[in-house]
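Enquirer: Before we start, here is the structure in question, set down as structure tokens.
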Amino acid sequence: MSAPPVPSMPFTRRPAVRLGLRYAISLALTVVFLFPVYWLFIMSFKTPGEIFHFPPVWYPKSIQFGNYAVLFKDGDAVTVFNSLVLASASTIIAMLLGTMAAYSLVRFKTGGEHLAVWIISQRMIPPVAIVFPIFLLYVFFGWVDTYHGLILLYTAFSLPYVIWMMRGYIEDIPIELEESALVDGCGRWQVLWKVVFPMARSGLFATAVFTFIFAWNDFVFALVLTRTEVVTYTVQVTHYFGGQSNFWSKISAMSVLGTLPVFFTVATLQRYLVRGISMGAIKG
Amino acid sequence: MAQTATLEARAGATAIARQPDWSFRYWLIAPAVFLLLLIGLFPLIYSLIVSFQGITMMTNDTSYQGFVNYARLFEDTRLWWSLAHTLLITAIALPIELGLGLAMAYLFLEPMRGRQVFVSLLVVPTVISPIVAGSTWKLMFDNRYGPINQIIGWLAGHPVVALWTVHPKLVYPAIIVCEIWQWTPFMFLILLAALSNVDRSQLEAAEIDGAGFWRTFRLIVLPAIWPVMAIALIIRGLDLVRIFDIIWALTMGGPGTMTETISVYTYIQGFQQFEISYTAAIAFLVIIFLTVIVIAVIRRAGLVK
């Protein structure tokens with residue numbers, strides 16, 4: 001990259017100019033990609049007068065939390081708690097069952113290639129297509145609008161991804177470690193708990209972040225399978241859409257409430273997130 | 001003593017790799033497979049059964065109706081239009097996401113101060129829930145109180161009142177802008193990781209040989225990043241084929257039926273019109289169709305060792 005400074009070098013190829021250009025483009029891109037998020041956030045702090053003001057108000061004159069207070073007073077904010085319960089529980093169960101299954105696939109080649117391909121193909125089915133028969137099944141069992149019904153569904157829907165990812169991480173664990181644990185008198189389940197899970201720790205975190213976000217962001221399953229008890233925040237947001245006018249103050253405040261936990265998760269587990277996206281693709 | 005330990009270690013190796021404990025390996029995988037069958041195989045079989053019956057909102061007719069519902073599929077122009085809408089959105093959004101994502105990955109490939117901050121900020125749209133992304137752009141596109149018309153008005157020099165989520169010529173641009181905004185960062189992050197893994201010595205050799213950017217890209221970079229790029233394209237392509245959330249937030253399939261995708265149409269048939277048996281027929285075909293494509297693509301791309 002350190003090309004000799006040729007006098008005839010075009011202006012745009014000079015290192016300083018290139019770096020300046022890169023910063024300018026990066027900054028422009030960041031503004032474009034973050035502006036809608038900014039707009040959503042300031043909308044939630046605006047007074048009704050500012051929301052329905054023409055021309056639009058680009059920044060609120062003062063920060064006021066009235067839009068949030070309404071959500072808490074009416075009990076709408078409990079939907080964020082519902083999302084938290086569903087996403088957390090399904091993530092933990094999916095990580096547990098998925099890692100066990102991946103271990104079986106990697107170490108014992110259970111079911112061979114066919115089982116692996118079938119499992120991965122399950123990830124690709126459109127939720128809308130399967131939610132319909134699932135809905136009829138849940139009506140039969142009385143599972144509609146229950147925590148366990150949705151946790152089961154989210155778990156099942158995350159499993160292919162967890163198995164796909166954990167396969168790669170488990171392949172990287174040196175088999176000698178498991179062997180020596182067996183020699184030391186550990187049972188097979190103990191090997192799984194004491195060697196495999198701790199060794200795959202960073203992979204577990206990276207995968208769990210995504211599993212959590214998938215469940216957190218789900219809309220279709222919750223739309224069909226919840227009524228009043230376990231409504232998630234994504235469904236609640238759409239309750240504020242109106243035919244002619246929309247309740248912008250509630251839409252924005254509820255969206256922010258539902259987005260903050262994800263931002264928090266992503267910010268704390270950032271290094272796992274980037275690795276999760278890239279490793280999943282690279283290792284396949 | 002040491003010798004016995006080695007022998008025992010060998011015995012351990014055989015125990016893990018060569019003599020799999022039958023009950024153990026199946027106990028490990030049984031819960032996962034059971035759940036996958038419940039959401040994978042059960043809906044398939046159930047859809048198949050119901051699709052041969054005549055259940056609607058009015059009648060609960062569970063007698064065998066033959067292929068009535070499947071025959072109806074072929075005459076249902078609304079269904080085929082929804083398929084066309086789905087493919088249209090995919091065909092436009094996917095190449096743009098790939099191209100833009102790749103360009104952004106090149107932008108941040110070489111080290112620069114603050115790169116990590118830029119990358120972290122640019123990834124934000126991808127982690128937001130699609131329904132929130134749709135709502136956010138609904139705010140942005142609002143004809144009177146949204147900033148988009150305002151900005152266009154500044155550029156045009158006169159006030160613009162474009163009905164982005166209602167006007168037939170503007171709904172697709174609106175949907176595609178929202179889709180690209182949310183998922184280009186995903187492509188970008190994957191491709192950045194892939195580009196960073198390209199063998200530097202080969203790139204330097206190409207530069208010494210005087211190969212230009214495009215030639216280097218085609219002969220060295222593309223083959224190196226192809227496996228990762230293929231997976232990214234498959235993931236995004238399949239997500240686009242089943243697109244639902246942002247359309248539901250932005251247009252609900254409207255105006256009329258203009259932006260109905262396969263997922264939106266299936267939902268409307270099943271949960272608003274209660275055409276139970278007919279929806280089951282659609283769902284069955286969609287599941288079969290996508291499963292066959294996915295398995296073919298996964299095998300073709302050599303993604304499973």
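Chains: A, B, ... in order of the structure tokens. Residues: from 1 per chain. Ligands: from 1, in order shown.
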Select residues of chain A: the criterion is any atom within 6 Å of an atom of chain B, counting only C-alpha atoms; output as a PDB file with N, CA and C atoms, in the first residue's frame.
Expert:
ATOM      1  N   THR A  30     -22.731   7.527   8.297  1.00  0.00           N
ATOM      2  CA  THR A  30     -23.204   7.391   9.670  1.00  0.00           C
ATOM      3  C   THR A  30     -24.404   8.290   9.910  1.00  0.00           C
ATOM      4  N   LEU A  40     -36.663   8.831  15.600  1.00  0.00           N
ATOM      5  CA  LEU A  40     -37.529   8.021  16.464  1.00  0.00           C
ATOM      6  C   LEU A  40     -37.374   8.446  17.929  1.00  0.00           C
ATOM      7  N   PRO A  56     -41.809  20.169  10.262  1.00  0.00           N
ATOM      8  CA  PRO A  56     -41.385  19.322  11.389  1.00  0.00           C
ATOM      9  C   PRO A  56     -40.377  20.020  12.305  1.00  0.00           C
ATOM     10  N   LEU A  97     -30.254 -26.882  24.601  1.00  0.00           N
ATOM     11  CA  LEU A  97     -30.621 -27.994  23.724  1.00  0.00           C
ATOM     12  C   LEU A  97     -29.814 -27.966  22.424  1.00  0.00           C
ATOM     13  N   MET A 100     -26.191 -29.175  22.952  1.00  0.00           N
ATOM     14  CA  MET A 100     -26.188 -30.635  23.102  1.00  0.00           C
ATOM     15  C   MET A 100     -26.325 -31.305  21.739  1.00  0.00           C
ATOM     16  N   ALA A 101     -27.263 -30.826  20.925  1.00  0.00           N
ATOM     17  CA  ALA A 101     -27.488 -31.421  19.607  1.00  0.00           C
ATOM     18  C   ALA A 101     -26.267 -31.240  18.714  1.00  0.00           C
ATOM     19  N   SER A 104     -23.596 -33.663  19.591  1.00  0.00           N
ATOM     20  CA  SER A 104     -23.902 -34.984  19.054  1.00  0.00           C
ATOM     21  C   SER A 104     -23.589 -35.050  17.556  1.00  0.00           C
ATOM     22  N   PRO A 126     -40.770 -19.781   6.168  1.00  0.00           N
ATOM     23  CA  PRO A 126     -41.354 -18.500   6.565  1.00  0.00           C
ATOM     24  C   PRO A 126     -42.297 -18.664   7.750  1.00  0.00           C
ATOM     25  N   VAL A 128     -44.861 -17.091   8.630  1.00  0.00           N
ATOM     26  CA  VAL A 128     -46.282 -16.984   8.305  1.00  0.00           C
ATOM     27  C   VAL A 128     -46.846 -18.331   7.852  1.00  0.00           C
ATOM     28  N   ALA A 129     -46.026 -19.118   7.134  1.00  0.00           N
ATOM     29  CA  ALA A 129     -46.517 -20.403   6.627  1.00  0.00           C
ATOM     30  C   ALA A 129     -46.719 -21.405   7.763  1.00  0.00           C
ATOM     31  N   ILE A 130     -45.818 -21.407   8.754  1.00  0.00           N
ATOM     32  CA  ILE A 130     -45.984 -22.414   9.806  1.00  0.00           C
ATOM     33  C   ILE A 130     -46.861 -21.919  10.952  1.00  0.00           C
ATOM     34  N   PRO A 133     -50.812 -23.504  10.931  1.00  0.00           N
ATOM     35  CA  PRO A 133     -51.072 -24.782  11.602  1.00  0.00           C
ATOM     36  C   PRO A 133     -50.682 -24.783  13.079  1.00  0.00           C
ATOM     37  N   ALA A 156     -37.845 -23.437  19.500  1.00  0.00           N
ATOM     38  CA  ALA A 156     -37.773 -24.289  18.318  1.00  0.00           C
ATOM     39  C   ALA A 156     -37.290 -23.503  17.106  1.00  0.00           C
ATOM     40  N   GLU A 179     -11.095 -36.353  25.962  1.00  0.00           N
ATOM     41  CA  GLU A 179     -10.577 -37.692  26.229  1.00  0.00           C
ATOM     42  C   GLU A 179      -9.934 -37.772  27.602  1.00  0.00           C
ATOM     43  N   ASN A 217     -37.125  -9.532  18.550  1.00  0.00           N
ATOM     44  CA  ASN A 217     -37.637  -8.784  17.403  1.00  0.00           C
ATOM     45  C   ASN A 217     -38.823  -9.449  16.728  1.00  0.00           C
ATOM     46  N   SER A 255     -41.515   2.114  20.908  1.00  0.00           N
ATOM     47  CA  SER A 255     -40.400   1.610  20.104  1.00  0.00           C
ATOM     48  C   SER A 255     -39.078   1.820  20.824  1.00  0.00           C
ATOM     49  N   SER A 278     -19.765 -12.549  11.836  1.00  0.00           N
ATOM     50  CA  SER A 278     -18.743 -12.924  10.875  1.00  0.00           C
ATOM     51  C   SER A 278     -18.375 -14.403  10.963  1.00  0.00           C
ATOM     52  N   ALA A 281     -20.852 -16.810   9.406  1.00  0.00           N
ATOM     53  CA  ALA A 281     -20.781 -16.868   7.959  1.00  0.00           C
ATOM     54  C   ALA A 281     -19.528 -17.597   7.505  1.00  0.00           C
ATOM     55  N   ILE A 282     -18.419 -17.339   8.204  1.00  0.00           N
ATOM     56  CA  ILE A 282     -17.157 -17.887   7.733  1.00  0.00           C
ATOM     57  C   ILE A 282     -17.063 -19.380   7.998  1.00  0.00           C
TER      58      ILE A 282
END
Enquirer: Need the shell around Ile151 in chain A: protein/DNA/RNA residues with any atom at most 10 Å away, counting only C-alpha atoms. Skip same-chain ones fewer than 3 positions apart. Format as a list in words?
Expert: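 Counting only the stated atoms, we get Val85, Leu86, Ala87, Ser88, Ala89, Ser90, Thr91, Ile93, Ala94, Thr146, Tyr147, His148, Tyr154, Thr155, Ala156, Phe157 and Ala215 of chain A.
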Enquirer: Since we have the selection now, will you write its residues out, keeping C-alpha atoms, as a PDB file, in the first residue's frame?
Expert:
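Saved the output as result07.pdb:
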ATOM      1  CA  VAL A  85     -39.323 -13.040  29.676  1.00  0.00           C
ATOM      2  CA  LEU A  86     -40.003 -14.756  26.336  1.00  0.00           C
ATOM      3  CA  ALA A  87     -36.676 -13.837  24.739  1.00  0.00           C
ATOM      4  CA  SER A  88     -34.566 -14.706  27.815  1.00  0.00           C
ATOM      5  CA  ALA A  89     -36.238 -18.037  28.561  1.00  0.00           C
ATOM      6  CA  SER A  90     -36.210 -19.203  24.948  1.00  0.00           C
ATOM      7  CA  THR A  91     -32.571 -18.145  24.514  1.00  0.00           C
ATOM      8  CA  ILE A  93     -33.339 -23.261  26.549  1.00  0.00           C
ATOM      9  CA  ALA A  94     -32.300 -23.032  22.894  1.00  0.00           C
ATOM     10  CA  THR A 146     -49.379 -18.283  27.306  1.00  0.00           C
ATOM     11  CA  TYR A 147     -45.714 -17.818  28.173  1.00  0.00           C
ATOM     12  CA  HIS A 148     -44.818 -21.493  27.723  1.00  0.00           C
ATOM     13  CA  TYR A 154     -39.193 -19.290  19.926  1.00  0.00           C
ATOM     14  CA  THR A 155     -36.910 -22.030  21.229  1.00  0.00           C
ATOM     15  CA  ALA A 156     -37.773 -24.289  18.318  1.00  0.00           C
ATOM     16  CA  PHE A 157     -37.342 -21.476  15.830  1.00  0.00           C
ATOM     17  CA  ALA A 215     -36.878 -13.704  19.724  1.00  0.00           C
TER      18      ALA A 215
END
Enquirer: Could you check how far CA of Asn246 in chain A sits from CA of Ile51 in chain A, in Å to one decimal?
Expert: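 Atom-to-atom, CA of Asn246 in chain A to CA of Ile51 in chain A, that is 11.1 Å.
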Enquirer: Please measure the separation of CA of Gly66 in chain A and CA of Thr47 in chain A, giving the value in Å to one decimal.
Expert: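 CA of Gly66 in chain A sits 7.8 Å away from CA of Thr47 in chain A.
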Enquirer: Show me, as JSON, numbers by chain, the residues that have an atom within 9 Å of Met43 in chain A when counting only C-alpha atoms, minus same-chain residues fewer than 4 positions from it.
Expert: {"A": [38, 39, 47, 50, 51, 59, 60, 248, 249, 252, 253], "B": [139]}
Enquirer: Would you write out those residues with C-alpha atoms, as an mmCIF file, in the first residue's frame?
Expert:
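Final output, selection-v3.cif:
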data_model
loop_
_atom_site.group_PDB
_atom_site.id
_atom_site.type_symbol
_atom_site.label_atom_id
_atom_site.label_comp_id
_atom_site.auth_asym_id
_atom_site.auth_seq_id
_atom_site.Cartn_x
_atom_site.Cartn_y
_atom_site.Cartn_z
ATOM 1 C CA TYR A 38 -32.428 9.928 15.999
ATOM 2 C CA TRP A 39 -35.834 10.910 14.632
ATOM 3 C CA THR A 47 -44.962 17.298 23.099
ATOM 4 C CA GLU A 50 -44.270 19.549 18.471
ATOM 5 C CA ILE A 51 -45.202 16.181 16.939
ATOM 6 C CA TYR A 59 -35.045 18.884 17.791
ATOM 7 C CA PRO A 60 -37.364 19.162 20.814
ATOM 8 C CA TRP A 248 -46.966 8.920 17.023
ATOM 9 C CA SER A 249 -46.164 9.737 20.650
ATOM 10 C CA SER A 252 -42.162 6.278 19.245
ATOM 11 C CA ALA A 253 -42.040 5.918 23.045
ATOM 12 C CA LEU B 139 -42.608 8.445 10.772
#
Enquirer: Can you measure CA of Asp76 in chain A to CA of Gln236 in chain A for me? One decimal in Å is fine.
Expert: 7.5 Å
Enquirer: Would you pick out the contacts of Ile89 in chain B at 8 Å or less, using only C-alpha atoms, so that residues sharing its chain but fewer than 2 positions from it are not included, and give the list as a ChimeraX atom specification?
Expert: /B:85-87,91-93,172,176,240
Enquirer: Tell me which protein, DNA and RNA residues are within 12 Å of Pro111 in chain B, counting only C-alpha atoms, leaving out same-chain ones fewer than 5 positions away, and put them as a ChimeraX atom specification.
Expert: /A:1,19,22-23 /B:105-106,116,118-119,192,196
